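Source file: start31.cif (mmCIF, C-alpha atoms and all ligand atoms; chains and numbers go by the auth columns)
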```cif
data_start
loop_
_atom_site.group_PDB
_atom_site.id
_atom_site.type_symbol
_atom_site.label_atom_id
_atom_site.label_comp_id
_atom_site.label_asym_id
_atom_site.label_seq_id
_atom_site.Cartn_x
_atom_site.Cartn_y
_atom_site.Cartn_z
_atom_site.B_iso_or_equiv
_atom_site.auth_seq_id
_atom_site.auth_asym_id
ATOM 1 C CA MET A 1 15.671 -18.881 10.797 0.00 3 T
ATOM 2 C CA ASN A 2 18.948 -19.649 9.080 0.00 4 T
ATOM 3 C CA PRO A 3 19.671 -17.636 5.948 0.00 5 T
ATOM 4 C CA CYS A 4 20.056 -20.795 3.823 0.00 6 T
ATOM 5 C CA PRO A 5 19.926 -24.603 4.132 0.00 7 T
ATOM 6 C CA CYS A 6 23.578 -24.892 5.286 0.00 8 T
ATOM 7 C CA GLY A 7 23.280 -21.838 7.535 0.00 9 T
ATOM 8 C CA GLN A 8 26.475 -20.120 6.396 0.00 10 T
ATOM 9 C CA LEU A 9 25.194 -17.601 3.845 0.00 11 T
ATOM 10 C CA GLY A 10 26.793 -14.237 4.607 0.00 12 T
ATOM 11 C CA ASN A 11 29.287 -15.699 7.084 0.00 13 T
ATOM 12 C CA PRO A 12 32.715 -14.288 6.175 0.00 14 T
ATOM 13 C CA ALA A 13 34.513 -17.126 8.006 0.00 15 T
ATOM 14 C CA LYS A 14 32.754 -20.099 6.375 0.00 16 T
ATOM 15 C CA ALA A 15 31.621 -20.636 2.824 0.00 17 T
ATOM 16 C CA CYS A 16 27.971 -21.294 2.014 0.00 18 T
ATOM 17 C CA ARG A 17 27.535 -24.520 0.025 0.00 19 T
ATOM 18 C CA CYS A 18 24.070 -23.697 -1.280 0.00 20 T
ATOM 19 C CA THR A 19 23.115 -22.827 -4.843 0.00 21 T
ATOM 20 C CA PRO A 20 21.273 -19.522 -5.360 0.00 22 T
ATOM 21 C CA ASP A 21 18.206 -21.580 -6.304 0.00 23 T
ATOM 22 C CA ALA A 22 18.372 -23.552 -3.055 0.00 24 T
ATOM 23 C CA VAL A 23 18.635 -20.307 -1.062 0.00 25 T
ATOM 24 C CA LEU A 24 15.576 -18.857 -2.802 0.00 26 T
ATOM 25 C CA ARG A 25 13.577 -22.053 -2.295 0.00 27 T
ATOM 26 C CA TYR A 26 14.589 -22.141 1.372 0.00 28 T
ATOM 27 C CA GLN A 27 13.672 -18.519 2.066 0.00 29 T
ATOM 28 C CA ALA A 28 10.420 -18.892 0.135 0.00 30 T
ATOM 29 C CA ARG A 29 9.260 -21.478 2.679 0.00 31 T
ATOM 30 C CA ILE A 30 8.005 -18.515 4.661 0.00 32 T
ATOM 31 C CA SER A 31 5.114 -17.346 2.537 0.00 33 T
ATOM 32 C CA GLY A 32 4.623 -13.686 1.641 0.00 34 T
ATOM 33 C CA PRO A 33 1.416 -13.319 3.659 0.00 35 T
ATOM 34 C CA LEU A 34 3.102 -14.818 6.736 0.00 36 T
ATOM 35 C CA LEU A 35 6.200 -12.677 6.279 0.00 37 T
ATOM 36 C CA ASP A 36 3.926 -9.653 5.943 0.00 38 T
ATOM 37 C CA ARG A 37 2.809 -10.280 9.531 0.00 39 T
ATOM 38 C CA ILE A 38 6.313 -10.317 10.987 0.00 40 T
ATOM 39 C CA ASP A 39 7.066 -6.759 12.120 0.00 41 T
ATOM 40 C CA LEU A 40 10.738 -6.955 12.970 0.00 42 T
ATOM 41 C CA GLN A 41 13.310 -8.869 10.961 0.00 43 T
ATOM 42 C CA VAL A 42 16.848 -8.486 12.144 0.00 44 T
ATOM 43 C CA GLU A 43 19.825 -10.030 10.418 0.00 45 T
ATOM 44 C CA VAL A 44 22.245 -11.477 12.976 0.00 46 T
ATOM 45 C CA PRO A 45 25.595 -12.212 11.354 0.00 47 T
ATOM 46 C CA ALA A 46 27.861 -14.894 12.767 0.00 48 T
ATOM 47 C CA VAL A 47 30.402 -13.390 15.165 0.00 49 T
ATOM 48 C CA GLY A 48 33.690 -15.123 15.904 0.00 50 T
ATOM 49 C CA ALA A 49 34.619 -15.842 19.531 0.00 51 T
ATOM 50 C CA GLU A 50 37.582 -13.451 19.378 0.00 52 T
ATOM 51 C CA LEU A 51 35.463 -10.554 18.163 0.00 53 T
ATOM 52 C CA LEU A 52 32.773 -11.326 20.710 0.00 54 T
ATOM 53 C CA ALA A 53 35.273 -11.353 23.588 0.00 55 T
ATOM 54 C CA GLY A 54 36.728 -8.022 22.479 0.00 56 T
ATOM 55 C CA ALA A 55 33.385 -6.282 21.948 0.00 57 T
ATOM 56 C CA ALA A 56 32.391 -3.437 24.239 0.00 58 T
ATOM 57 C CA ASP A 57 29.378 -4.091 26.447 0.00 59 T
ATOM 58 C CA GLY A 58 26.204 -2.630 24.999 0.00 60 T
ATOM 59 C CA GLU A 59 23.495 -0.843 26.913 0.00 61 T
ATOM 60 C CA ALA A 60 22.355 -2.883 29.929 0.00 62 T
ATOM 61 C CA SER A 61 19.143 -4.877 29.414 0.00 63 T
ATOM 62 C CA ASN A 62 17.465 -3.428 32.512 0.00 64 T
ATOM 63 C CA VAL A 63 17.964 0.112 31.166 0.00 65 T
ATOM 64 C CA VAL A 64 16.423 -0.888 27.833 0.00 66 T
ATOM 65 C CA ARG A 65 13.570 -2.653 29.632 0.00 67 T
ATOM 66 C CA GLU A 66 12.749 0.522 31.563 0.00 68 T
ATOM 67 C CA ARG A 67 12.679 2.572 28.367 0.00 69 T
ATOM 68 C CA VAL A 68 10.373 0.047 26.701 0.00 70 T
ATOM 69 C CA ALA A 69 8.071 -0.085 29.737 0.00 71 T
ATOM 70 C CA ALA A 70 7.869 3.729 29.830 0.00 72 T
ATOM 71 C CA ALA A 71 7.008 3.848 26.111 0.00 73 T
ATOM 72 C CA ARG A 72 4.245 1.255 26.600 0.00 74 T
ATOM 73 C CA VAL A 73 2.798 3.147 29.552 0.00 75 T
ATOM 74 C CA GLY A 74 2.915 6.342 27.479 0.00 76 T
ATOM 75 C CA ALA A 75 1.128 4.715 24.527 0.00 77 T
ATOM 76 C CA ASN A 76 -1.570 3.317 26.795 0.00 78 T
ATOM 77 C CA ALA A 77 -2.081 6.692 28.471 0.00 79 T
ATOM 78 C CA ARG A 78 -2.312 8.421 25.071 0.00 80 T
ATOM 79 C CA GLN A 79 -4.587 6.053 23.198 0.00 81 T
ATOM 80 C CA GLY A 80 -5.740 3.319 25.578 0.00 82 T
ATOM 81 C CA SER A 81 -3.900 0.591 23.689 0.00 83 T
ATOM 82 C CA SER A 82 -0.478 -0.454 22.509 0.00 84 T
ATOM 83 C CA ASN A 83 0.772 0.919 19.196 0.00 85 T
ATOM 84 C CA SER A 84 0.407 -2.514 17.609 0.00 86 T
ATOM 85 C CA ALA A 85 -3.370 -2.284 18.182 0.00 87 T
ATOM 86 C CA LEU A 86 -3.742 1.103 16.467 0.00 88 T
ATOM 87 C CA ALA A 87 -6.214 1.047 13.572 0.00 89 T
ATOM 88 C CA GLY A 88 -8.556 3.260 11.609 0.00 90 T
ATOM 89 C CA ASP A 89 -8.931 6.897 12.702 0.00 91 T
ATOM 90 C CA ALA A 90 -6.636 6.466 15.719 0.00 92 T
ATOM 91 C CA LEU A 91 -3.880 5.187 13.437 0.00 93 T
ATOM 92 C CA ASP A 92 -4.351 8.133 11.046 0.00 94 T
ATOM 93 C CA LEU A 93 -4.359 10.626 13.893 0.00 95 T
ATOM 94 C CA LEU A 94 -1.482 9.284 15.972 0.00 96 T
ATOM 95 C CA CYS A 95 0.712 8.316 13.038 0.00 97 T
ATOM 96 C CA ALA A 96 0.180 11.509 11.062 0.00 98 T
ATOM 97 C CA LEU A 97 3.267 12.507 9.069 0.00 99 T
ATOM 98 C CA ASP A 98 4.486 15.854 7.830 0.00 100 T
ATOM 99 C CA ALA A 99 4.758 16.349 4.061 0.00 101 T
ATOM 100 C CA ALA A 100 8.405 15.269 3.768 0.00 102 T
ATOM 101 C CA ALA A 101 7.946 12.134 5.903 0.00 103 T
ATOM 102 C CA SER A 102 4.799 11.275 3.992 0.00 104 T
ATOM 103 C CA ARG A 103 6.611 11.543 0.638 0.00 105 T
ATOM 104 C CA PHE A 104 9.473 9.416 2.002 0.00 106 T
ATOM 105 C CA LEU A 105 7.129 6.657 3.152 0.00 107 T
ATOM 106 C CA GLN A 106 5.042 6.753 -0.018 0.00 108 T
ATOM 107 C CA SER A 107 8.087 6.340 -2.222 0.00 109 T
ATOM 108 C CA ALA A 108 9.406 3.460 -0.089 0.00 110 T
ATOM 109 C CA ALA A 109 6.001 1.769 -0.250 0.00 111 T
ATOM 110 C CA GLU A 110 5.943 2.009 -4.036 0.00 112 T
ATOM 111 C CA ARG A 111 9.530 0.877 -4.443 0.00 113 T
ATOM 112 C CA LEU A 112 9.127 -2.088 -2.110 0.00 114 T
ATOM 113 C CA GLY A 113 5.615 -2.984 -3.240 0.00 115 T
ATOM 114 C CA TRP A 114 3.941 -3.085 0.162 0.00 116 T
ATOM 115 C CA SER A 115 0.381 -4.137 0.735 0.00 117 T
ATOM 116 C CA ALA A 116 -1.881 -1.732 2.655 0.00 118 T
ATOM 117 C CA ARG A 117 -1.315 -3.974 5.675 0.00 119 T
ATOM 118 C CA GLY A 118 2.450 -3.692 5.299 0.00 120 T
ATOM 119 C CA PHE A 119 2.155 0.078 5.010 0.00 121 T
ATOM 120 C CA HIS A 120 0.156 0.323 8.247 0.00 122 T
ATOM 121 C CA ARG A 121 2.587 -1.965 10.042 0.00 123 T
ATOM 122 C CA ILE A 122 5.468 0.346 9.163 0.00 124 T
ATOM 123 C CA LEU A 123 3.510 3.270 10.585 0.00 125 T
ATOM 124 C CA ARG A 124 2.884 1.443 13.877 0.00 126 T
ATOM 125 C CA ILE A 125 6.520 0.402 14.175 0.00 127 T
ATOM 126 C CA ALA A 126 7.673 3.950 13.393 0.00 128 T
ATOM 127 C CA ARG A 127 5.243 5.252 16.055 0.00 129 T
ATOM 128 C CA THR A 128 6.902 2.915 18.563 0.00 130 T
ATOM 129 C CA ILE A 129 10.411 3.960 17.511 0.00 131 T
ATOM 130 C CA ALA A 130 9.393 7.636 17.888 0.00 132 T
ATOM 131 C CA ASP A 131 7.933 6.873 21.328 0.00 133 T
ATOM 132 C CA LEU A 132 11.145 5.164 22.406 0.00 134 T
ATOM 133 C CA ALA A 133 13.027 8.289 21.300 0.00 135 T
ATOM 134 C CA ASP A 134 10.527 10.400 23.224 0.00 136 T
ATOM 135 C CA SER A 135 9.509 12.160 20.024 0.00 137 T
ATOM 136 C CA ARG A 136 5.964 13.389 19.491 0.00 138 T
ATOM 137 C CA ALA A 137 6.358 13.452 15.732 0.00 139 T
ATOM 138 C CA ILE A 138 7.239 10.471 13.570 0.00 140 T
ATOM 139 C CA GLU A 139 10.315 11.643 11.695 0.00 141 T
ATOM 140 C CA ILE A 140 11.982 10.325 8.572 0.00 142 T
ATOM 141 C CA ALA A 141 14.704 8.659 10.674 0.00 143 T
ATOM 142 C CA HIS A 142 12.026 6.718 12.591 0.00 144 T
ATOM 143 C CA LEU A 143 10.418 5.619 9.333 0.00 145 T
ATOM 144 C CA GLY A 144 13.795 4.619 7.921 0.00 146 T
ATOM 145 C CA GLU A 145 14.528 2.448 10.940 0.00 147 T
ATOM 146 C CA ALA A 146 11.092 0.834 10.758 0.00 148 T
ATOM 147 C CA ILE A 147 11.571 0.091 7.056 0.00 149 T
ATOM 148 C CA GLN A 148 14.945 -1.518 7.750 0.00 150 T
ATOM 149 C CA TYR A 149 13.328 -4.056 10.048 0.00 151 T
ATOM 150 C CA ARG A 150 11.200 -5.339 7.209 0.00 152 T
ATOM 151 C CA ARG A 151 13.802 -5.646 4.514 0.00 153 T
ATOM 152 C CA VAL A 152 15.869 -8.686 5.450 0.00 154 T
ATOM 153 C CA LEU A 153 13.623 -11.053 3.549 0.00 155 T
ATOM 154 C CA GLN A 154 11.631 -9.652 0.671 0.00 156 T
ATOM 155 C CA THR A 155 8.006 -10.557 0.194 0.00 157 T
ATOM 156 C CA HIS A 156 6.900 -11.108 -3.368 0.00 158 T
HETATM 157 ZN ZN ZN B . 24.215 -22.107 2.535 0.00 201 E
#
```
Spell out the structure here as structure tokens.
Amino acid sequence: MNPCPCGQLGNPAKACRCTPDAVLRYQARISGPLLDRIDLQVEVPAVGAELLAGAADGEASNVVRERVAAARVGANARQGSSNSALAGDALDLLCALDAAASRFLQSAAERLGWSARGFHRILRIARTIADLADSRAIEIAHLGEAIQYRRVLQTH
């Protein structure tokens, strides 16, 4: 979605013409419960043609695809399902956190006012990020990355 009705909010090259009220109304069109079901929110700022042409190539898509496929195969071998399907005891077991990670997540949950569903979604996303990093444990960095993906638009 665009960030605002005119689409320029946050664009350093073009001014947004929207009032703060109009921006809030626009973003509120996605209801909290719907937003709560969207796992990954990524802000994509406008990039000028010059900057884009000068940018270094990122990691090749086929390399990323292989890493994702390997992580999915690994999750299926471990638990017989994808991470997004983890629930109940399997979720508790496979997304167990050490004391420091647990405190980190708990304080983020309180600060950001997550529902229980939102909390469990973060755990599943963090499990996937840990898998992609080939890490058995979910570490604070994995949780931090997972939390970032849910913070572009705030649910109320
Ligand atoms: Zn605007």
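Run against this file, the PyMOL selection byres (((not hetatm)) within 9 of (chain E and resi 201)) gives back T:Asn4, T:Pro5, T:Cys6, T:Pro7, T:Cys8, T:Gly9, T:Gln10, T:Leu11, T:Gly12, T:Ala17, T:Cys18, T:Arg19, T:Cys20, T:Thr21, T:Pro22, T:Ala24, T:Val25.
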Hey, could you make a per-residue contact list for region 48-90 of chain T against region 124-137 of chain T with 9 Å as the cut-off, showing the nearest pair of atoms and its distance in Å to one decimal, counting only C-alpha atoms, sorted by chain and number, as CSV?
```
residue,atom,partner,partner_atom,distance
T:Arg69,CA,T:Leu134,CA,6.7
T:Val70,CA,T:Leu134,CA,6.7
T:Ala72,CA,T:Leu134,CA,8.2
T:Ala73,CA,T:Leu134,CA,5.7
T:Arg74,CA,T:Asp133,CA,8.5
T:Gly76,CA,T:Asp133,CA,8.0
T:Ala77,CA,T:Asp133,CA,7.8
T:Asn85,CA,T:Arg126,CA,5.7
T:Ser86,CA,T:Arg126,CA,6.0
T:Ala87,CA,T:Arg126,CA,8.5
T:Leu88,CA,T:Arg126,CA,7.1
```
Selection: 12 Å around region 116-122 of chain T, only C-alpha atoms, excl. self and same-chain fewer than 3 positions, as a PyMOL selection string: chain T and resi 34-42+85-90+92-94+96-98+104+107-113+125-129+145+148-149+151-153+156-158
Pick from T:Arg123, T:Asn13, T:Val66, T:Met3 nearest to Gly50 (chain T), counting all atoms listed in the file: T:Asn13
Among T:Ser63, T:Asn78, T:Ile142, T:Asp91, Ala103 (chain T) is approached most closely, using all atoms listed in the file, by T:Ile142
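CA of Tyr28 (chain T) to CA of Glu147 (chain T) spans 26.4 Å [interatomic distance, one decimal].
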In Å, how far is it from CA of Glu52 (chain T) to CA of Ala15 (chain T)? 12.3 Å
